[in-house]
Amino acid sequence: MSTPVVVLGPTASGKSDVAMALAGECGTWPMPQTAEIVAVDAMQVYRGMDIGTAKPSAADRAEVVHHCLDLVDPTHDFAVAEFASVAADAVASIESAGRLPLVVAGTGLYLRMLTDPMEIPGTWPEVRELLERRLAAEGPLALHSELTLLDPAAAAKIEPSNGRRIVRALEVCLGGRRLFSSYGPGLDSYGGTRYLQFGLRWSREVLAERIATRVHRMMVAGLLAEVEVLHGAGRLSRTAAQALGYKELIDHLEGRCSLDEAVEQVIVRTRQFAVRQERWFRRDPRIQWIGIDADPVAEVVPVIRRALVG
């Protein structure tokens, strides 16, 4: 069995370019295995959400086989458990064909469910809807206090300001009548894994500039038109509508802000999201981090190549 490789990092770090370059070298000496890419991204699973999710181009997908893209329509609230099953099947099928699974990951929870399968709580939409209304009316601190009474272990691991995670934990406690903290060893437990993981690390300032540049390129490529079509057709689920770039441009289309203000919000929120991505990944001691000065392909691919052939 091969050792699957993971290339991970925050948005705009260049991980897709690294994966494509590495896949181009696979199948030639000294790396005899042909590679196929498994995309681990919570929003690239949606059909039609192409520009704003930085989905691999048609040319890239023609050159290297990609998995876990365009799995469902954006009307569907795609759950992490659904993704984990599809991704695990993709890795297994690649390995059964004698090829190398090359995982490109930007969504930390989705990656953990692939590298460290664990039990996932069910969903209770009616309970969640009620909790989300309470969150809007009462704020996260009130719900966090309630969670502290119901499941102190879960509350201790969730920031009082993180309304989304608080709602999820309460949904499980109230809907499933089981403590949220009782599911598996938890995301803070890191055991052995057969995945070889490499993280791309930029200075905060440089990454911020890369994010701004990418957002402006997306606008030139037609992101506004993409969002307008999806939103106008009512084709975005609650989850899909929260995607960076889409949420802000929907605000513009509905008259809540100007286009310039929306674009600026996309940049700001994407930078904030990148910080959260880094914090998530940095908790995993199994990741080998590679500092990048200028060119992710030139600086990262040789490191991974040496690890594979050494």
# chains A, B, ... in the order shown; residues from 1 in each chain; ligands from 1

$ select_by_dssp --residues "stretch 56-248 of chain A" --states "strand (DSSP E or B)" --output "number ranges by chain"
A: 66-67, 72, 100-105, 196-201

$ closest_residue --among "A:Ser161, A:Gln44, A:Ser258, A:Thr107" --to "A:Pro10" --atoms "only C-alpha atoms"
A:Thr107

$ residues_around --residues "A:Asp188" --least-positions-apart "5" --cutoff "10 Å" --atoms "only C-alpha atoms" --output "PDB file with C-alpha atoms, in the first residue's frame"
ATOM      1  CA  LYS A 157     -13.068  23.440  24.136  1.00  0.00           C
ATOM      2  CA  ARG A 283      -2.357  22.011  16.216  1.00  0.00           C
ATOM      3  CA  ASP A 284      -1.428  18.801  14.374  1.00  0.00           C
TER       4      ASP A 284
END

$ residues_around --residues "stretch 192-197 of chain A" --least-positions-apart "2" --cutoff "12 Å" --atoms "only C-alpha atoms" --output "PyMOL selection string"
chain A and resi 1-9+91+100-105+111-117+189-190+199-200+281-282+284-290+303-305+307-308
